[in-house]
Amino acid sequence: MIEARSVDAFLERLDRGPLLADGAMGTMLYARGVPFDEGFDALNVAHPEVVRGVHTEYLAAGAELIETNTFGANRFKLSLHNLEDQVGAINRAGAAVAAAAREAAAAGRTVWIAGSIGPIGRPLAPLGGTKPAEVRAAFAEQAAALAEGGVDLLIFETFSDLRELAEGVAAARAATGLPIIAQMTFTHEGKTLLGHAPAEIVARLEELGAHVIGANCSVGSQGILEVMEQMVLTSRAPLSAMPNAGFPSYVDGRIIYFSTPAYMADYARRMVELGVTIVGGCCGTTPAHIAAMREVLATIDAPPSRRLITMPAVPASAPAAPTGPTALAGRLGIERGFTVSVEVAPPRGTQEGPELEACRLLGRAGVDAINVPDNPMARLRMSPWAMCLRIQTEAHLDTILHFTTRDRNLVRVQSDLLALHALGIRNVLVLRGDPPQLGDYPTATAVSDVKPSGLIRLIKEFNQGRDLAGNDLGQPTGFLVGAALNMGARDLDRELRALERKLRAGADFLCTMPIYDPETLDRVLDRTGPLPVPLLVGVLPLHGLRHAEFLHNEVPGMTIPASLRAALRDAKDARELGLRLAAELMAEIRRRAQGAYLIPSFGRYDRVLHLVESLRKDEAAPQMGL
């Protein structure tokens, strides 16, 4: 066992107040031109000057703790690059590079070097074939090499399996005696991918002797704060929080994160006030984010409260599925009334909760169709097919199935379309789908044989009775095909070029991502002129400033105007203001478009129900002589 170092000194430092860690290493190396499929860890040996430059920037930004570039430097991950026999050399070099940067750039102040250790990248038995003993040996090997290289502590990060992290902590305790930070990554529900809750994690890691417990990566600043609010209730150990800079987006061949330095700094302040001791950043964070955190660490405000409301489910009978033309097709093509659709996501298990009852209430209020998304944010949910069928047969409402290009090759796309048509699911909204890296299974493979405009064209071939190869289907299908439009896209020219391709392919209607002011709609319509197909404009009622900031900073494709965020900040009742602004926006949309696509947040169907009831009441008022 290597001699224990720094434990008392490190814990004494944490007792004196919050400690600022650095941000992303991979993001910075990627920005320097190193591709993601190249082994970042090997740069410690091959190009140490590149890694040292990243450390130097974080030290200049004010970081008091920097992590070595060794996240994937275990024998399992290094074997992907035929470097499994270089575990010791690569980890020792990573420690040496960080130490050199500290010596040159941090004169006169104390800086801690944390040896970074990530998961092995394989599921443990019984889910996978890797035995716990093999995992523990790999972590012990890496921890020992980092300790030999001179790190001050070890940081285990981005773990989703508590069993794997437990093996790592136990191995490090046996091999080194260094201080240990143990962090897990969480989903939107505040649990890990394998279902571990914060309280369970705290109890297990304290039992194993982790000196600091926390969360990193995950779903951005807001999600990490919510996890910290749970951990602080039970943890006796200091806590650490290192969120991503929001959700990543793939733009022009580059992976981009949109959380601003000011946004992340504000959440770092909230975490410190809550009682978190170590704050920093993970994927997407840069020295600019860390510098902003440095400036606000002394500022403390009370975090806003959270409240989610849902409705109970009610059983219903199941009449036969529809076989004729869809009601939505008639509504959009002939009646030309103002169409309203509402998004209702499938449940995360095998049983519906409030979803079906919400659909019944929405239908009675005057909703024309229910949009059913397909694993939004690439997170596991019930198949949208099942949800659509239940809604059509039990709630007696038309549905719009979100059909993504993400999960199917060309054969499966066509097979699934035939199945949907046979089930009576005829309205489809074609989408690319969120990349798997955002969701529960980041190592899952995306399959995209066709792009959205190509899928629209393929479906139109089905409506002519032919598959893509020209084979006769026996009879034509009767799909109504929608396409997506992001009116708030940062690159609007590119978005409108994609829209042209979708319209040429034969899209029958358009659904937009949420907008928050009529000027956004006018700006697009001024560019396009009158659209040749019906337009359903997205409306997402905001719950307050925190909700708006989360969407603007952490969700790709979402832009909330600064003026609206300022109004929410100053409002006495931000929730009421968000609902009122949504109602006013819908009134403006009625004068400019053929319908609205309402998107509730947090299962709050009551808020969109109120909007629909108010809309239909206003429509009926002239006929009633009011």
# chains A, B, ... in the order shown; residues from 1 in each chain; ligands from 1
>>> residues_around(residues="Ala147 of chain A", least_positions_apart="2", cutoff="8 Å", atoms="only C-alpha atoms", output="ChimeraX atom specification")
/A:2,115,143-145,149-153,176,178
>>> write_last_selection(atoms="N, CA, C and O atoms", output="CSV table (one decimal), in the first residue's frame")
chain,number,residue,atom,x,y,z
A,2,ILE,N,0.6,2.2,-0.9
A,2,ILE,CA,1.4,3.4,-1.0
A,2,ILE,C,1.0,4.3,0.2
A,2,ILE,O,-0.1,4.4,0.6
A,115,GLY,N,-6.3,13.0,-9.5
A,115,GLY,CA,-6.1,12.0,-10.5
A,115,GLY,C,-7.5,11.5,-11.0
A,115,GLY,O,-8.2,10.9,-10.2
A,143,ALA,N,-5.1,3.7,-10.0
A,143,ALA,CA,-5.0,4.5,-8.8
A,143,ALA,C,-3.5,4.5,-8.3
A,143,ALA,O,-3.0,5.6,-7.9
A,144,ALA,N,-2.9,3.3,-8.3
A,144,ALA,CA,-1.5,3.3,-7.9
A,144,ALA,C,-0.6,4.1,-8.8
A,144,ALA,O,0.3,4.7,-8.3
A,145,ALA,N,-0.8,4.0,-10.1
A,145,ALA,CA,0.0,4.7,-11.0
A,145,ALA,C,-0.1,6.3,-10.8
A,145,ALA,O,0.8,7.0,-10.8
A,149,GLY,N,2.6,8.9,-9.5
A,149,GLY,CA,2.9,10.2,-10.3
A,149,GLY,C,2.9,11.4,-9.5
A,149,GLY,O,3.3,12.5,-9.9
A,150,GLY,N,2.3,11.3,-8.3
A,150,GLY,CA,2.3,12.5,-7.4
A,150,GLY,C,1.1,13.3,-7.2
A,150,GLY,O,1.1,14.4,-6.7
A,151,VAL,N,-0.1,12.7,-7.6
A,151,VAL,CA,-1.4,13.4,-7.4
A,151,VAL,C,-1.7,13.6,-5.9
A,151,VAL,O,-1.2,12.8,-5.1
A,152,ASP,N,-2.5,14.6,-5.6
A,152,ASP,CA,-2.8,14.9,-4.2
A,152,ASP,C,-4.0,14.1,-3.8
A,152,ASP,O,-4.2,13.9,-2.6
A,153,LEU,N,-4.9,13.7,-4.7
A,153,LEU,CA,-6.1,13.0,-4.4
A,153,LEU,C,-6.6,12.3,-5.7
A,153,LEU,O,-6.0,12.5,-6.7
A,176,THR,N,-3.9,3.1,-2.2
A,176,THR,CA,-3.2,4.4,-2.0
A,176,THR,C,-3.4,5.1,-0.7
A,176,THR,O,-2.4,5.6,-0.2
A,178,LEU,N,-5.0,7.8,-0.6
A,178,LEU,CA,-5.2,9.2,-0.9
A,178,LEU,C,-6.6,9.6,-0.7
A,178,LEU,O,-7.5,8.8,-0.6
>>> residues_around(residues="Ile589 of chain A", least_positions_apart="5", cutoff="9 Å", atoms="only C-alpha atoms", output="list of chain:residue names")
A:Pro518, A:Leu521, A:Leu536, A:Val537, A:Glu584, A:Gln594, A:Gly595, A:Ala596
>>> select_by_dssp(residues="segment 426-558 of chain A", states="strand (DSSP E or B)", output="PyMOL selection string")
chain A and resi 427-431+447-448+466+472+480-485+509-514+535-539
>>> select_by_dssp(residues="segment 329-536 of chain A", states="helix (DSSP H, G or I)", output="ChimeraX atom specification")
/A:329-335,355-365,376-378,384-395,410-423,436-438,452-463,492-505,518-528
>>> residues_around(residues="segment 363-366 of chain A", least_positions_apart="5", cutoff="12 Å", atoms="only C-alpha atoms", output="JSON, numbers by chain")
{"A": [337, 338, 339, 340, 341, 342, 356, 357, 358, 391, 392, 394, 395, 396, 397, 398, 399, 605, 606, 608, 609, 610, 611, 612, 613, 614, 615, 616, 617, 619, 620]}
>>> write_last_selection(atoms="N, CA and C atoms", output="PDB file, in the first residue's frame")
ATOM      1  N   GLY A 337     -60.214  25.207 -39.491  1.00  0.00           N
ATOM      2  CA  GLY A 337     -60.332  25.877 -38.211  1.00  0.00           C
ATOM      3  C   GLY A 337     -58.969  25.970 -37.568  1.00  0.00           C
ATOM      4  N   PHE A 338     -58.904  26.636 -36.403  1.00  0.00           N
ATOM      5  CA  PHE A 338     -57.634  26.735 -35.700  1.00  0.00           C
ATOM      6  C   PHE A 338     -57.391  25.419 -34.976  1.00  0.00           C
ATOM      7  N   THR A 339     -56.381  24.693 -35.403  1.00  0.00           N
ATOM      8  CA  THR A 339     -56.091  23.356 -34.891  1.00  0.00           C
ATOM      9  C   THR A 339     -55.208  23.445 -33.660  1.00  0.00           C
ATOM     10  N   VAL A 340     -55.513  22.639 -32.656  1.00  0.00           N
ATOM     11  CA  VAL A 340     -54.695  22.597 -31.443  1.00  0.00           C
ATOM     12  C   VAL A 340     -54.265  21.158 -31.182  1.00  0.00           C
ATOM     13  N   SER A 341     -52.962  20.949 -31.070  1.00  0.00           N
ATOM     14  CA  SER A 341     -52.427  19.662 -30.641  1.00  0.00           C
ATOM     15  C   SER A 341     -51.646  19.876 -29.354  1.00  0.00           C
ATOM     16  N   VAL A 342     -51.580  18.840 -28.545  1.00  0.00           N
ATOM     17  CA  VAL A 342     -50.860  18.897 -27.271  1.00  0.00           C
ATOM     18  C   VAL A 342     -49.926  17.697 -27.192  1.00  0.00           C
ATOM     19  N   LEU A 356     -53.375   9.107 -20.057  1.00  0.00           N
ATOM     20  CA  LEU A 356     -54.647   8.860 -20.740  1.00  0.00           C
ATOM     21  C   LEU A 356     -55.754   9.762 -20.209  1.00  0.00           C
ATOM     22  N   GLU A 357     -55.797   9.951 -18.892  1.00  0.00           N
ATOM     23  CA  GLU A 357     -56.828  10.840 -18.348  1.00  0.00           C
ATOM     24  C   GLU A 357     -56.597  12.270 -18.815  1.00  0.00           C
ATOM     25  N   ALA A 358     -55.333  12.680 -18.903  1.00  0.00           N
ATOM     26  CA  ALA A 358     -55.032  14.005 -19.432  1.00  0.00           C
ATOM     27  C   ALA A 358     -55.552  14.141 -20.859  1.00  0.00           C
ATOM     28  N   ILE A 391     -54.323   6.022 -26.973  1.00  0.00           N
ATOM     29  CA  ILE A 391     -55.007   7.319 -27.041  1.00  0.00           C
ATOM     30  C   ILE A 391     -56.139   7.273 -28.064  1.00  0.00           C
ATOM     31  N   GLN A 392     -55.858   6.685 -29.234  1.00  0.00           N
ATOM     32  CA  GLN A 392     -56.878   6.639 -30.284  1.00  0.00           C
ATOM     33  C   GLN A 392     -58.059   5.754 -29.896  1.00  0.00           C
ATOM     34  N   GLU A 394     -58.858   4.599 -26.663  1.00  0.00           N
ATOM     35  CA  GLU A 394     -59.456   4.791 -25.348  1.00  0.00           C
ATOM     36  C   GLU A 394     -59.811   6.241 -25.047  1.00  0.00           C
ATOM     37  N   ALA A 395     -59.067   7.185 -25.599  1.00  0.00           N
ATOM     38  CA  ALA A 395     -59.393   8.597 -25.398  1.00  0.00           C
ATOM     39  C   ALA A 395     -60.089   9.188 -26.612  1.00  0.00           C
ATOM     40  N   HIS A 396     -60.191   8.410 -27.711  1.00  0.00           N
ATOM     41  CA  HIS A 396     -60.928   8.810 -28.918  1.00  0.00           C
ATOM     42  C   HIS A 396     -60.406  10.120 -29.509  1.00  0.00           C
ATOM     43  N   LEU A 397     -59.098  10.247 -29.535  1.00  0.00           N
ATOM     44  CA  LEU A 397     -58.455  11.417 -30.121  1.00  0.00           C
ATOM     45  C   LEU A 397     -57.485  10.987 -31.209  1.00  0.00           C
ATOM     46  N   ASP A 398     -57.351  11.827 -32.239  1.00  0.00           N
ATOM     47  CA  ASP A 398     -56.336  11.589 -33.248  1.00  0.00           C
ATOM     48  C   ASP A 398     -54.958  11.817 -32.632  1.00  0.00           C
ATOM     49  N   THR A 399     -53.958  11.134 -33.159  1.00  0.00           N
ATOM     50  CA  THR A 399     -52.598  11.293 -32.654  1.00  0.00           C
ATOM     51  C   THR A 399     -51.659  11.694 -33.784  1.00  0.00           C
ATOM     52  N   TYR A 605     -50.253  19.156 -17.282  1.00  0.00           N
ATOM     53  CA  TYR A 605     -51.279  19.236 -18.321  1.00  0.00           C
ATOM     54  C   TYR A 605     -52.355  20.255 -17.965  1.00  0.00           C
ATOM     55  N   ASP A 606     -52.505  20.561 -16.676  1.00  0.00           N
ATOM     56  CA  ASP A 606     -53.529  21.524 -16.281  1.00  0.00           C
ATOM     57  C   ASP A 606     -53.262  22.898 -16.869  1.00  0.00           C
ATOM     58  N   VAL A 608     -51.771  23.663 -19.854  1.00  0.00           N
ATOM     59  CA  VAL A 608     -52.182  23.730 -21.259  1.00  0.00           C
ATOM     60  C   VAL A 608     -53.687  23.525 -21.388  1.00  0.00           C
ATOM     61  N   LEU A 609     -54.281  22.773 -20.460  1.00  0.00           N
ATOM     62  CA  LEU A 609     -55.738  22.620 -20.464  1.00  0.00           C
ATOM     63  C   LEU A 609     -56.401  23.980 -20.310  1.00  0.00           C
ATOM     64  N   HIS A 610     -55.875  24.796 -19.432  1.00  0.00           N
ATOM     65  CA  HIS A 610     -56.409  26.148 -19.239  1.00  0.00           C
ATOM     66  C   HIS A 610     -56.291  26.973 -20.521  1.00  0.00           C
ATOM     67  N   LEU A 611     -55.171  26.856 -21.220  1.00  0.00           N
ATOM     68  CA  LEU A 611     -54.995  27.600 -22.466  1.00  0.00           C
ATOM     69  C   LEU A 611     -56.003  27.161 -23.523  1.00  0.00           C
ATOM     70  N   VAL A 612     -56.226  25.860 -23.625  1.00  0.00           N
ATOM     71  CA  VAL A 612     -57.166  25.350 -24.629  1.00  0.00           C
ATOM     72  C   VAL A 612     -58.583  25.803 -24.301  1.00  0.00           C
ATOM     73  N   GLU A 613     -58.972  25.698 -23.042  1.00  0.00           N
ATOM     74  CA  GLU A 613     -60.318  26.113 -22.649  1.00  0.00           C
ATOM     75  C   GLU A 613     -60.541  27.596 -22.931  1.00  0.00           C
ATOM     76  N   SER A 614     -59.552  28.429 -22.637  1.00  0.00           N
ATOM     77  CA  SER A 614     -59.679  29.865 -22.894  1.00  0.00           C
ATOM     78  C   SER A 614     -59.771  30.152 -24.385  1.00  0.00           C
ATOM     79  N   LEU A 615     -58.963  29.436 -25.181  1.00  0.00           N
ATOM     80  CA  LEU A 615     -58.986  29.624 -26.624  1.00  0.00           C
ATOM     81  C   LEU A 615     -60.347  29.268 -27.209  1.00  0.00           C
ATOM     82  N   ARG A 616     -60.861  28.116 -26.848  1.00  0.00           N
ATOM     83  CA  ARG A 616     -62.135  27.680 -27.409  1.00  0.00           C
ATOM     84  C   ARG A 616     -63.283  28.554 -26.923  1.00  0.00           C
ATOM     85  N   LYS A 617     -63.186  29.068 -25.721  1.00  0.00           N
ATOM     86  CA  LYS A 617     -64.204  29.984 -25.221  1.00  0.00           C
ATOM     87  C   LYS A 617     -64.209  31.278 -26.029  1.00  0.00           C
ATOM     88  N   GLU A 619     -63.219  31.599 -29.118  1.00  0.00           N
ATOM     89  CA  GLU A 619     -63.727  31.286 -30.456  1.00  0.00           C
ATOM     90  C   GLU A 619     -65.252  31.243 -30.477  1.00  0.00           C
ATOM     91  N   ALA A 620     -65.840  30.731 -29.407  1.00  0.00           N
ATOM     92  CA  ALA A 620     -67.288  30.573 -29.362  1.00  0.00           C
ATOM     93  C   ALA A 620     -68.007  31.859 -28.987  1.00  0.00           C
TER      94      ALA A 620
END
>>> residues_around(residues="Gln414 of chain A", least_positions_apart="6", cutoff="9 Å", atoms="only C-alpha atoms", output="list in words")
Leu458, Ile459, Phe462, Asp467 and Leu468 of chain A
>>> atom_distance(atom1="atom CA of Val45 of chain A", atom2="atom CA of Asn91 of chain A")
9.3 Å
>>> residues_around(residues="Ala446 of chain A", least_positions_apart="3", cutoff="8 Å", atoms="only C-alpha atoms", output="MDAnalysis selection string")
chainID A and resid 406:407 435:436
>>> closest_residue(among="A:Gly168, A:Pro261, A:Pro556, A:Gly275", to="Arg294 of chain A", atoms="only C-alpha atoms")
A:Pro261
>>> closest_residue(among="A:Met184, A:Val450, A:Ala166, A:Ala21", to="Ile113 of chain A", atoms="only C-alpha atoms")
A:Ala21
>>> atom_distance(atom1="atom CA of Gly281 of chain A", atom2="atom CA of Cys217 of chain A")
7.8 Å
>>> residues_around(residues="Glu461 of chain A", least_positions_apart="3", cutoff="12 Å", atoms="only C-alpha atoms", output="JSON list (two decimals) with N, CA, C and O atoms, in the first residue's frame")
[["chain", "number", "residue", "atom", "x", "y", "z"],
["A", 414, "GLN", "N", -39.15, 1.20, -43.33],
["A", 414, "GLN", "CA", -40.30, 0.86, -44.16],
["A", 414, "GLN", "C", -41.18, -0.20, -43.50],
["A", 414, "GLN", "O", -42.41, -0.13, -43.56],
["A", 417, "LEU", "N", -43.30, 1.56, -40.88],
["A", 417, "LEU", "CA", -44.38, 2.34, -41.48],
["A", 417, "LEU", "C", -45.56, 1.44, -41.85],
["A", 417, "LEU", "O", -46.73, 1.81, -41.64],
["A", 454, "GLY", "N", -35.62, 12.98, -46.73],
["A", 454, "GLY", "CA", -35.66, 11.70, -47.44],
["A", 454, "GLY", "C", -36.75, 10.79, -46.92],
["A", 454, "GLY", "O", -37.41, 10.08, -47.69],
["A", 455, "LEU", "N", -36.98, 10.82, -45.61],
["A", 455, "LEU", "CA", -38.04, 10.00, -45.03],
["A", 455, "LEU", "C", -39.42, 10.50, -45.48],
["A", 455, "LEU", "O", -40.32, 9.71, -45.74],
["A", 456, "ILE", "N", -39.57, 11.81, -45.55],
["A", 456, "ILE", "CA", -40.84, 12.36, -46.05],
["A", 456, "ILE", "C", -41.10, 11.88, -47.47],
["A", 456, "ILE", "O", -42.21, 11.45, -47.82],
["A", 457, "ARG", "N", -40.07, 11.93, -48.29],
["A", 457, "ARG", "CA", -40.21, 11.48, -49.68],
["A", 457, "ARG", "C", -40.55, 9.99, -49.73],
["A", 457, "ARG", "O", -41.39, 9.56, -50.54],
["A", 458, "LEU", "N", -39.93, 9.20, -48.86],
["A", 458, "LEU", "CA", -40.20, 7.77, -48.81],
["A", 458, "LEU", "C", -41.66, 7.51, -48.45],
["A", 458, "LEU", "O", -42.32, 6.65, -49.05],
["A", 464, "GLN", "N", -48.22, 6.34, -52.64],
["A", 464, "GLN", "CA", -48.46, 6.01, -54.04],
["A", 464, "GLN", "C", -48.50, 4.50, -54.27],
["A", 464, "GLN", "O", -48.67, 4.04, -55.40],
["A", 465, "GLY", "N", -48.31, 3.74, -53.17],
["A", 465, "GLY", "CA", -48.38, 2.28, -53.27],
["A", 465, "GLY", "C", -47.08, 1.60, -53.60],
["A", 465, "GLY", "O", -47.07, 0.43, -53.97],
["A", 466, "ARG", "N", -45.94, 2.33, -53.44],
["A", 466, "ARG", "CA", -44.63, 1.75, -53.78],
["A", 466, "ARG", "C", -43.69, 1.91, -52.60],
["A", 466, "ARG", "O", -43.74, 2.92, -51.88],
["A", 467, "ASP", "N", -42.77, 0.93, -52.42],
["A", 467, "ASP", "CA", -41.70, 1.14, -51.46],
["A", 467, "ASP", "C", -40.56, 1.86, -52.15],
["A", 467, "ASP", "O", -40.65, 2.21, -53.34],
["A", 468, "LEU", "N", -39.48, 2.07, -51.42],
["A", 468, "LEU", "CA", -38.39, 2.87, -51.98],
["A", 468, "LEU", "C", -37.74, 2.21, -53.18],
["A", 468, "LEU", "O", -37.21, 2.88, -54.07],
["A", 469, "ALA", "N", -37.77, 0.87, -53.22],
["A", 469, "ALA", "CA", -37.19, 0.14, -54.35],
["A", 469, "ALA", "C", -38.15, 0.03, -55.53],
["A", 469, "ALA", "O", -37.81, -0.59, -56.54],
["A", 470, "GLY", "N", -39.34, 0.61, -55.40],
["A", 470, "GLY", "CA", -40.31, 0.54, -56.48],
["A", 470, "GLY", "C", -41.22, -0.67, -56.43],
["A", 470, "GLY", "O", -42.04, -0.88, -57.34],
["A", 471, "ASN", "N", -41.11, -1.49, -55.38],
["A", 471, "ASN", "CA", -41.96, -2.67, -55.27],
["A", 471, "ASN", "C", -43.39, -2.28, -54.91],
["A", 471, "ASN", "O", -43.62, -1.33, -54.15],
["A", 472, "ASP", "N", -44.35, -3.04, -55.45],
["A", 472, "ASP", "CA", -45.76, -2.78, -55.21],
["A", 472, "ASP", "C", -46.13, -3.18, -53.79],
["A", 472, "ASP", "O", -45.85, -4.29, -53.34],
["A", 473, "LEU", "N", -46.79, -2.27, -53.05],
["A", 473, "LEU", "CA", -47.22, -2.56, -51.69],
["A", 473, "LEU", "C", -48.58, -3.23, -51.62],
["A", 473, "LEU", "O", -49.06, -3.57, -50.54],
["A", 475, "GLN", "N", -51.52, -1.93, -51.89],
["A", 475, "GLN", "CA", -52.42, -0.78, -51.91],
["A", 475, "GLN", "C", -51.69, 0.41, -51.31],
["A", 475, "GLN", "O", -50.78, 0.25, -50.49],
["A", 476, "PRO", "N", -52.06, 1.61, -51.69],
["A", 476, "PRO", "CA", -51.37, 2.79, -51.16],
["A", 476, "PRO", "C", -51.66, 2.97, -49.66],
["A", 476, "PRO", "O", -52.71, 2.57, -49.16],
["A", 477, "THR", "N", -50.71, 3.57, -48.97],
["A", 477, "THR", "CA", -50.96, 3.97, -47.59],
["A", 477, "THR", "C", -51.63, 5.35, -47.59],
["A", 477, "THR", "O", -51.74, 6.00, -48.63],
["A", 478, "GLY", "N", -52.08, 5.76, -46.42],
["A", 478, "GLY", "CA", -52.76, 7.05, -46.29],
["A", 478, "GLY", "C", -52.17, 7.91, -45.20],
["A", 478, "GLY", "O", -52.90, 8.47, -44.38],
["A", 479, "PHE", "N", -50.85, 8.05, -45.18],
["A", 479, "PHE", "CA", -50.20, 8.84, -44.14],
["A", 479, "PHE", "C", -50.35, 10.34, -44.39],
["A", 479, "PHE", "O", -50.30, 10.81, -45.54],
["A", 481, "VAL", "N", -48.20, 13.53, -43.39],
["A", 481, "VAL", "CA", -46.79, 13.66, -42.99],
["A", 481, "VAL", "C", -46.48, 15.09, -42.57],
["A", 481, "VAL", "O", -46.67, 16.02, -43.35],
["A", 505, "ALA", "N", -40.13, 17.62, -50.67],
["A", 505, "ALA", "CA", -40.34, 16.17, -50.50],
["A", 505, "ALA", "C", -41.81, 15.82, -50.32],
["A", 505, "ALA", "O", -42.19, 14.66, -50.49],
["A", 506, "GLY", "N", -42.63, 16.82, -49.95],
["A", 506, "GLY", "CA", -44.07, 16.58, -49.86],
["A", 506, "GLY", "C", -44.68, 16.69, -48.49],
["A", 506, "GLY", "O", -45.77, 16.14, -48.25]]
>>> residues_around(residues="Arg490 of chain A", least_positions_apart="3", cutoff="9 Å", atoms="only C-alpha atoms", output="ChimeraX atom specification")
/A:487,493,495,557,559
>>> write_last_selection(atoms="N, CA, C and O atoms", output="short mmCIF file (atom, residue, chain, number, x, y, z; two decimals), in the first residue's frame")
data_model
loop_
_atom_site.label_atom_id
_atom_site.label_comp_id
_atom_site.auth_asym_id
_atom_site.auth_seq_id
_atom_site.Cartn_x
_atom_site.Cartn_y
_atom_site.Cartn_z
N MET A 487 -38.00 27.81 -35.60
CA MET A 487 -38.00 29.23 -35.98
C MET A 487 -36.97 30.04 -35.21
O MET A 487 -36.60 31.12 -35.64
N ASP A 493 -30.74 30.61 -41.73
CA ASP A 493 -30.57 30.32 -43.16
C ASP A 493 -30.50 28.82 -43.39
O ASP A 493 -31.15 28.29 -44.31
N GLU A 495 -31.66 26.47 -41.44
CA GLU A 495 -32.95 25.88 -41.10
C GLU A 495 -33.95 26.06 -42.24
O GLU A 495 -34.73 25.14 -42.55
N GLY A 557 -31.35 24.02 -29.24
CA GLY A 557 -32.42 24.49 -30.11
C GLY A 557 -33.40 25.43 -29.44
O GLY A 557 -34.27 25.98 -30.12
N THR A 559 -34.36 28.90 -27.49
CA THR A 559 -33.91 30.27 -27.26
C THR A 559 -35.03 31.05 -26.60
O THR A 559 -36.11 31.19 -27.17
#
>>> atom_distance(atom1="atom CA of Ser259 of chain A", atom2="atom CA of Ala241 of chain A")
15.7 Å
>>> closest_residue(among="A:Gly72, A:Gly88, A:Gly214, A:Pro287", to="Phe186 of chain A", atoms="only C-alpha atoms")
A:Gly214
